[in-house]
>>> print(open('final.cif').read())   # mmCIF, C-alpha atoms
data_run
#
loop_
_atom_site.label_atom_id
_atom_site.label_comp_id
_atom_site.auth_asym_id
_atom_site.auth_seq_id
_atom_site.Cartn_x
_atom_site.Cartn_y
_atom_site.Cartn_z
CA MET B 13 55.63 1.47 -80.24
CA ASP B 14 57.07 2.19 -83.65
CA PRO B 15 58.62 5.69 -83.64
CA SER B 16 61.50 6.55 -85.93
CA MET B 17 64.92 8.00 -85.13
CA ASP B 18 65.27 10.35 -88.08
CA SER B 19 66.54 13.38 -86.19
CA MET B 20 68.22 11.46 -83.41
CA MET B 21 71.32 11.51 -85.59
CA GLU B 22 71.89 15.06 -84.44
CA THR B 23 73.02 13.46 -81.19
CA VAL B 24 75.27 10.71 -82.53
CA THR B 25 75.79 10.00 -86.23
CA ASP B 26 79.08 8.17 -86.45
CA PRO B 27 79.84 6.32 -83.22
CA VAL B 28 83.50 5.99 -82.27
CA ALA B 29 84.67 3.00 -80.28
CA GLY B 30 85.67 3.56 -76.67
CA HIS B 31 84.08 4.70 -73.44
CA GLU B 32 84.28 7.77 -71.33
CA GLY B 33 87.65 8.09 -69.65
CA HIS B 34 89.34 5.52 -71.94
CA ARG B 35 91.48 6.14 -74.98
CA THR B 36 91.06 4.07 -78.11
CA GLY B 37 93.80 2.30 -79.96
CA GLY B 38 96.33 3.02 -77.25
CA ARG B 39 97.04 6.50 -78.68
CA PRO B 40 97.12 9.47 -76.30
CA PRO B 41 94.90 12.43 -77.19
CA ARG B 42 96.73 14.96 -79.33
CA ALA B 43 97.08 18.31 -77.58
CA THR B 44 97.97 21.67 -79.08
CA SER B 45 100.88 23.75 -77.94
CA GLY B 46 98.64 25.40 -75.36
CA GLY B 47 97.60 22.11 -73.80
CA ALA B 48 94.07 22.05 -75.31
CA LEU B 49 92.81 19.03 -77.24
CA THR B 50 91.56 18.78 -80.81
CA THR B 51 87.98 17.76 -81.55
CA GLY B 52 89.10 14.33 -82.76
CA ALA B 53 91.11 13.72 -79.59
CA VAL B 54 88.18 14.71 -77.36
CA ALA B 55 85.84 12.46 -79.37
CA ARG B 56 88.13 9.49 -78.79
CA LEU B 57 88.47 10.37 -75.11
CA LEU B 58 84.72 10.49 -74.51
CA GLY B 59 83.68 7.75 -76.95
CA VAL B 60 81.42 9.98 -79.06
CA ALA B 61 81.53 11.11 -82.68
CA PRO B 62 83.36 14.31 -83.71
CA THR B 63 80.18 15.34 -85.55
CA THR B 64 78.30 15.14 -82.24
CA LEU B 65 80.72 17.57 -80.59
CA ARG B 66 80.45 19.98 -83.52
CA SER B 67 76.65 19.71 -83.42
CA TRP B 68 76.52 20.43 -79.67
CA ASP B 69 78.76 23.44 -80.22
CA ARG B 70 76.82 24.81 -83.18
CA ARG B 71 73.30 24.13 -81.91
CA TYR B 72 73.53 24.53 -78.15
CA GLY B 73 76.70 26.45 -77.35
CA ILE B 74 78.45 23.50 -75.68
CA GLY B 75 81.79 24.33 -77.27
CA PRO B 76 85.31 25.48 -76.52
CA ALA B 77 85.87 28.90 -75.05
CA ALA B 78 88.79 29.53 -77.42
CA ARG B 79 89.67 28.60 -81.00
CA GLU B 80 93.03 28.30 -82.65
CA ASP B 81 93.44 30.78 -85.50
CA GLY B 82 89.86 31.80 -84.86
CA ARG B 83 88.53 28.67 -86.61
CA HIS B 84 89.71 25.31 -85.25
CA ARG B 85 88.12 24.11 -82.02
CA ARG B 86 90.52 23.53 -79.12
CA TRP B 87 89.07 22.01 -75.95
CA THR B 88 90.38 22.76 -72.47
CA GLY B 89 89.83 20.76 -69.30
CA ALA B 90 86.83 22.90 -68.38
CA ASP B 91 85.34 22.40 -71.85
CA ILE B 92 85.75 18.63 -71.56
CA ALA B 93 84.12 18.65 -68.12
CA ALA B 94 81.06 20.30 -69.68
CA LEU B 95 81.02 17.65 -72.40
CA ARG B 96 81.12 14.88 -69.79
CA ASP B 97 78.08 16.43 -68.12
CA MET B 98 76.35 16.61 -71.51
CA CYS B 99 77.04 12.92 -72.16
CA ARG B 100 75.78 11.97 -68.72
CA LEU B 101 72.53 13.91 -69.05
CA THR B 102 71.69 12.72 -72.57
CA SER B 103 72.41 9.12 -71.52
CA ALA B 104 69.82 9.60 -68.76
CA GLY B 105 67.26 10.52 -71.43
CA LEU B 106 67.25 14.32 -71.45
CA PRO B 107 66.87 15.87 -74.92
CA PRO B 108 70.10 17.58 -76.07
CA ALA B 109 68.62 21.08 -75.80
CA GLU B 110 67.46 20.51 -72.21
CA ALA B 111 70.76 18.90 -71.26
CA ALA B 112 72.66 21.81 -72.76
CA ARG B 113 70.63 24.33 -70.76
CA ALA B 114 71.44 22.43 -67.57
CA VAL B 115 75.15 22.25 -68.42
CA LEU B 116 75.36 25.93 -69.35
CA ALA B 117 73.45 26.96 -66.24
CA GLY B 118 75.96 25.09 -64.09
CA ALA B 119 78.91 26.48 -66.00
CA SER B 120 77.64 30.06 -65.77
CA ARG B 121 77.89 29.91 -61.99
CA ALA B 122 81.59 29.12 -62.29
CA ALA B 123 82.71 31.15 -65.34
CA PRO B 124 81.11 33.03 -68.22
CA ARG B 125 80.56 31.00 -71.42
CA ARG B 126 78.98 31.57 -74.77
CA GLY B 127 75.20 31.29 -74.86
CA PRO B 128 73.35 28.60 -76.80
CA ALA B 129 72.96 28.91 -80.54
CA SER B 130 69.84 30.70 -81.70
CA ARG B 131 68.62 27.97 -84.05
CA ALA B 132 65.99 25.80 -82.33
CA PRO B 133 66.85 22.11 -82.26
CA GLY B 134 64.61 19.51 -83.81
CA ALA B 135 62.47 17.43 -81.46
CA LEU B 136 63.59 13.91 -80.73
CA PRO B 137 61.36 11.68 -82.91
CA LEU B 138 60.34 9.19 -80.24
CA GLY B 139 56.97 10.75 -79.59
CA SER B 140 55.80 10.36 -76.02
CA ALA B 141 58.31 7.63 -75.21
CA ARG B 142 59.60 7.50 -71.67
CA ARG B 143 62.76 9.39 -70.85
CA GLU B 144 64.52 6.08 -70.22
CA CYS B 145 63.67 4.96 -73.76
CA ARG B 146 65.25 8.06 -75.25
CA GLY B 147 68.29 7.58 -73.05
CA LEU B 148 68.62 3.94 -74.09
CA ALA B 149 68.43 4.87 -77.77
CA ARG B 150 71.10 7.55 -77.39
CA ALA B 151 73.38 5.21 -75.48
CA ALA B 152 72.96 2.62 -78.25
CA LEU B 153 73.85 5.14 -80.93
CA ARG B 154 77.00 6.01 -79.00
CA LEU B 155 77.76 2.28 -78.63
CA ASP B 156 77.95 2.94 -74.90
CA ALA B 157 77.64 -0.55 -73.42
CA SER B 158 77.94 0.46 -69.76
CA ALA B 159 75.22 3.11 -70.08
CA MET B 160 72.88 0.61 -71.73
CA GLU B 161 73.44 -1.96 -69.00
CA GLN B 162 72.78 0.59 -66.28
CA LEU B 163 69.61 1.92 -67.93
CA LEU B 164 68.22 -1.57 -68.57
CA THR B 165 68.83 -2.60 -64.98
CA GLU B 166 67.11 0.55 -63.74
CA VAL B 167 64.00 0.20 -65.91
CA LEU B 168 63.53 -3.46 -64.99
CA ASP B 169 63.82 -2.59 -61.30
CA ARG B 170 61.54 0.44 -61.59
CA TYR B 171 58.80 -0.74 -63.96
CA GLY B 172 59.17 -4.52 -64.06
CA LEU B 173 58.04 -6.67 -66.94
CA PRO B 174 56.14 -6.23 -69.22
CA ALA B 175 56.12 -2.41 -68.84
CA ALA B 176 59.90 -2.20 -69.27
CA TRP B 177 59.60 -4.13 -72.53
CA ASP B 178 56.52 -2.35 -73.90
CA GLU B 179 57.54 1.20 -72.97
CA VAL B 180 61.36 1.23 -73.11
CA MET B 181 63.02 -1.73 -74.80
CA ALA B 182 60.69 -2.42 -77.73
CA PRO B 183 60.27 1.24 -78.81
CA ALA B 184 64.05 1.71 -78.78
CA LEU B 185 64.55 -1.45 -80.85
CA HIS B 186 61.89 -0.43 -83.37
CA ALA B 187 63.37 3.05 -83.73
CA VAL B 188 66.92 1.81 -84.23
CA GLY B 189 65.73 -0.81 -86.70
CA ARG B 190 63.81 1.73 -88.74
CA LYS B 191 66.80 4.04 -88.74
CA TRP B 192 69.20 1.59 -90.32
CA GLU B 193 66.56 0.39 -92.77
CA THR B 194 66.18 3.95 -94.08
CA ALA B 195 69.93 4.64 -93.98
CA GLU B 196 70.92 1.97 -96.53
CA GLU B 197 72.18 -0.64 -94.07
CA GLN B 198 74.04 1.85 -91.86
CA TYR B 199 73.91 1.58 -88.07
CA ILE B 200 73.42 -2.20 -88.08
CA GLU B 201 76.09 -2.33 -85.39
CA VAL B 202 73.85 -0.15 -83.21
CA GLU B 203 70.92 -2.57 -83.48
CA HIS B 204 73.13 -5.59 -82.84
CA LEU B 205 74.68 -4.08 -79.70
CA LEU B 206 71.33 -2.89 -78.36
CA SER B 207 69.77 -6.31 -79.03
CA TRP B 208 72.63 -8.08 -77.28
CA HIS B 209 72.28 -6.00 -74.12
CA ILE B 210 68.50 -6.24 -74.04
CA SER B 211 68.79 -10.01 -74.43
CA GLY B 212 71.28 -10.15 -71.56
CA ALA B 213 69.03 -8.08 -69.32
CA LEU B 214 66.03 -10.31 -70.05
CA ARG B 215 67.98 -13.48 -69.38
CA GLY B 216 69.00 -12.08 -66.04
CA VAL B 217 65.38 -12.00 -64.82
CA ARG B 218 64.81 -14.56 -62.08
CA ALA B 219 61.63 -16.16 -60.74
CA ALA B 220 60.02 -14.48 -57.75
CA ALA B 221 58.92 -17.94 -56.53
CA PRO B 222 59.19 -21.57 -57.68
CA PRO B 223 56.54 -22.73 -60.20
CA ALA B 224 53.29 -23.79 -58.55
CA PRO B 225 52.64 -27.56 -58.57
CA GLY B 226 50.67 -28.53 -61.66
CA ALA B 227 51.25 -25.21 -63.40
CA GLY B 228 50.87 -25.53 -67.16
CA LEU B 229 53.98 -25.54 -69.34
CA SER B 230 54.41 -23.12 -72.24
CA LEU B 231 56.71 -23.96 -75.16
CA LEU B 232 58.06 -20.96 -77.10
CA ALA B 233 59.79 -21.08 -80.49
CA CYS B 234 60.39 -19.05 -83.61
CA VAL B 235 59.00 -20.66 -86.75
CA PRO B 236 61.48 -22.11 -89.27
CA GLY B 237 63.40 -19.37 -91.03
CA GLU B 238 62.67 -16.80 -88.30
CA THR B 239 65.65 -15.42 -86.38
CA HIS B 240 64.06 -12.58 -84.38
CA THR B 241 63.88 -13.85 -80.79
CA LEU B 242 63.78 -10.82 -78.50
CA ALA B 243 60.00 -10.66 -78.12
CA LEU B 244 59.95 -14.35 -77.15
CA GLU B 245 62.82 -13.69 -74.73
CA ALA B 246 60.70 -10.96 -73.13
CA LEU B 247 57.78 -13.40 -72.84
CA THR B 248 60.09 -16.07 -71.39
CA ALA B 249 61.43 -13.63 -68.80
CA THR B 250 57.93 -12.50 -67.81
CA LEU B 251 56.62 -16.05 -67.43
CA THR B 252 59.72 -16.95 -65.43
CA ARG B 253 59.21 -13.94 -63.19
CA HIS B 254 55.62 -15.08 -62.52
CA GLY B 255 56.77 -18.57 -61.61
CA LEU B 256 55.20 -20.15 -64.72
CA PRO B 257 57.13 -23.03 -66.33
CA VAL B 258 58.43 -22.30 -69.82
CA ARG B 259 60.73 -23.84 -72.42
CA MET B 260 62.30 -21.38 -74.87
CA PHE B 261 63.74 -22.93 -78.04
CA GLY B 262 64.85 -19.73 -79.75
CA ALA B 263 65.35 -18.99 -83.41
CA ALA B 264 64.36 -20.99 -86.49
CA LEU B 265 63.40 -24.27 -84.86
CA PRO B 266 62.98 -26.94 -87.58
CA VAL B 267 59.53 -28.46 -87.94
CA GLU B 268 60.58 -31.97 -86.92
CA ALA B 269 62.42 -30.67 -83.86
CA LEU B 270 59.37 -28.61 -82.87
CA GLU B 271 57.15 -31.68 -83.11
CA GLN B 272 59.53 -33.74 -80.99
CA ALA B 273 59.72 -30.99 -78.37
CA VAL B 274 55.93 -30.84 -78.12
CA ARG B 275 55.59 -34.61 -77.77
CA ARG B 276 58.38 -34.86 -75.20
CA THR B 277 57.20 -32.00 -72.98
CA GLY B 278 53.39 -32.16 -73.38
CA PRO B 279 52.86 -28.39 -73.06
CA ASP B 280 49.56 -26.70 -72.37
CA ALA B 281 50.47 -24.06 -74.94
CA VAL B 282 52.84 -23.56 -77.87
CA VAL B 283 53.73 -19.99 -78.89
CA LEU B 284 54.96 -19.62 -82.48
CA TRP B 285 56.68 -16.34 -83.32
CA ALA B 286 56.83 -14.94 -86.87
CA GLN B 287 58.27 -11.51 -87.57
CA SER B 288 57.35 -11.44 -91.27
CA HIS B 289 54.59 -12.80 -93.51
CA GLY B 290 57.23 -14.81 -95.32
CA THR B 291 57.90 -17.00 -92.29
CA ALA B 292 54.34 -17.27 -90.91
CA SER B 293 52.95 -20.65 -91.99
CA ARG B 294 49.32 -21.53 -91.37
CA ALA B 295 50.11 -25.13 -92.28
CA LEU B 296 52.73 -25.29 -89.54
CA ALA B 297 50.35 -23.89 -86.93
CA ALA B 298 47.71 -26.47 -87.90
CA ARG B 299 50.33 -29.24 -87.78
CA VAL B 300 51.38 -28.28 -84.26
CA GLU B 301 47.78 -27.95 -83.11
CA ALA B 302 47.10 -31.52 -84.27
CA ILE B 303 49.90 -33.09 -82.20
CA GLU B 304 48.55 -35.37 -79.47
CA TRP B 305 50.14 -36.98 -76.44
CA GLY B 306 49.07 -38.86 -73.34
CA VAL B 307 47.50 -42.25 -72.69
CA ARG B 308 44.80 -43.64 -74.92
CA GLY B 309 41.42 -42.24 -74.01
CA ALA B 310 42.92 -39.17 -72.36
CA ARG B 311 44.96 -37.65 -75.14
CA ARG B 312 45.59 -33.90 -75.17
CA ARG B 313 46.57 -31.24 -77.66
CA PRO B 314 48.34 -27.91 -77.10
CA VAL B 315 46.68 -24.55 -77.47
CA VAL B 316 48.60 -22.77 -80.23
CA PHE B 317 49.35 -19.06 -79.96
CA THR B 318 50.51 -17.23 -83.10
CA ALA B 319 52.58 -14.26 -82.00
CA GLY B 320 54.34 -11.52 -83.94
CA PRO B 321 53.49 -9.16 -86.83
CA GLY B 322 54.00 -11.89 -89.42
CA TRP B 323 50.66 -13.47 -88.47
CA ALA B 324 48.65 -10.28 -89.02
CA GLY B 325 45.78 -11.17 -91.36
CA ARG B 326 47.02 -14.78 -91.54
CA GLN B 327 45.85 -16.16 -88.22
CA PRO B 328 44.96 -19.85 -88.62
CA PRO B 329 41.54 -21.00 -87.36
CA GLY B 330 41.57 -22.33 -83.82
CA THR B 331 44.72 -20.45 -82.76
CA ARG B 332 45.00 -17.45 -80.46
CA HIS B 333 46.76 -14.24 -81.37
CA PRO B 334 47.59 -12.05 -78.33
CA SER B 335 47.95 -8.36 -79.04
CA GLY B 336 50.92 -7.82 -76.74
CA LEU B 337 53.13 -9.17 -74.02
CA ALA B 338 50.74 -8.53 -71.12
CA GLU B 339 47.83 -10.22 -72.92
CA ALA B 340 50.00 -13.23 -73.80
CA VAL B 341 51.13 -13.68 -70.20
CA GLU B 342 47.56 -13.40 -68.91
CA ALA B 343 46.28 -15.97 -71.40
CA LEU B 344 49.08 -18.44 -70.74
CA ALA B 345 48.67 -18.09 -66.98
CA ALA B 346 44.94 -18.76 -67.32
CA LEU B 347 45.62 -21.95 -69.28
CA GLY B 348 47.88 -23.23 -66.53
CA ALA B 349 45.22 -22.54 -63.91
CA ARG B 350 42.60 -24.74 -65.57
#
>>> encode(input="final.cif", output="structure tokens")
Amino acid sequence: MDPSMDSMMETVTDPVAGHEGHRTGGRPPRATSGGALTTGAVARLLGVAPTTLRSWDRRYGIGPAAREDGRHRRWTGADIAALRDMCRLTSAGLPPAEAARAVLAGASRAAPRRGPASRAPGALPLGSARRECRGLARAALRLDASAMEQLLTEVLDRYGLPAAWDEVMAPALHAVGRKWETAEEQYIEVEHLLSWHISGALRGVRAAAPPAPGAGLSLLACVPGETHTLALEALTATLTRHGLPVRMFGAALPVEALEQAVRRTGPDAVVLWAQSHGTASRALAARVEAIEWGVRGARRRPVVFTAGPGWAGRQPPGTRHPSGLAEAVEALAALGAR
């Protein structure tokens, strides 16, 4: 679940704002005297980077049939139609080389075109990730909001939670995050946009049935100083889908507020998320575990779950540390069934 995106930049390295079929900045694409468009104009038209178009031309033969002065690329309507097909196929998760073969095979039935470049493309560094994961990552790198929304809707419908999270959303997030960390703070906008759309998709999950009477309540919160919420949002959505009551308090909940929430709601379980060792506090976990509520003689305490990589090697005694989303849901459901 932690592949990198090092060679994914061959697909999109410098996203340009705009979406397919829309022009950015209100400027019409600049055409040459023969009616063909420049590479920059086509990039703005399709919402991809000029470097992507040049890479597709050089590596796979998805390029213009003619060049001005033998050097400068000039794209005709037929060339742009091939590019649209290329964008559509890569958004669906096909590797660029495979997408290019499909586009060229279709074009060859209509008119002769140049064959693909001889240099073999590098493999997409997402390992054995699902095709939808690769498509989601490419759409994020293109800043293609509509493609991300469509893909997220499809994977939730097809695989449900938690498979959609474990096998599509989380690997894409990890890969994008690792990419900008190794690129000196570049591509942060990619991670932010991807996170926003994943969050929206998770919040759109609805319960299949009302919570069962007497079902145990789970309280979810990030520890103080922790702002990474998406994993807890995935857990919230999965519990909601299963008809299990949940209260999600989000990022960086102060200690006093967390204590008040526990006393006011009387949950069966409290899940504390920490992304880094710097935010994981064993003292906090022990403090939450010691909170009591209820009438005298029948007081109760919550079961504390420490979730997230920040707790690795720092798990406080008496707490539980689920290894993943499915295990967390199973454990919380079992608590409610007691």
>>> closest_residue(input="final.cif", among="B:Leu173, B:Ala324, B:Ala53, B:Leu265", to="Ala338 of chain B", atoms="only C-alpha atoms")
B:Leu173
>>> atom_distance(input="final.cif", atom1="atom CA of Leu244 of chain B", atom2="atom CA of Val316 of chain B")
14.5 Å
>>> atom_distance(input="final.cif", atom1="atom CA of His333 of chain B", atom2="atom CA of Ala319 of chain B")
5.9 Å
>>> atom_distance(input="final.cif", atom1="atom CA of Ala61 of chain B", atom2="atom CA of Ala176 of chain B")
28.7 Å
>>> residues_around(input="final.cif", residues="Thr250 of chain B", least_positions_apart="4", cutoff="9 Å", atoms="all atoms listed in the file", output="list in words")
Gly172, Leu173, Pro174, Leu214, Val217, Ala219, Glu245, Ala246, His254, Gly255, Leu256, Leu337, Ala338 and Val341 of chain B
>>> resolve_selection(input="final.cif", expression="the PyMOL selection byres ((chain B and resi 66) around 12)", output="MDAnalysis selection string")
chainID B and resid 22:25 50:52 54:55 60:65 67:76 84:87 95
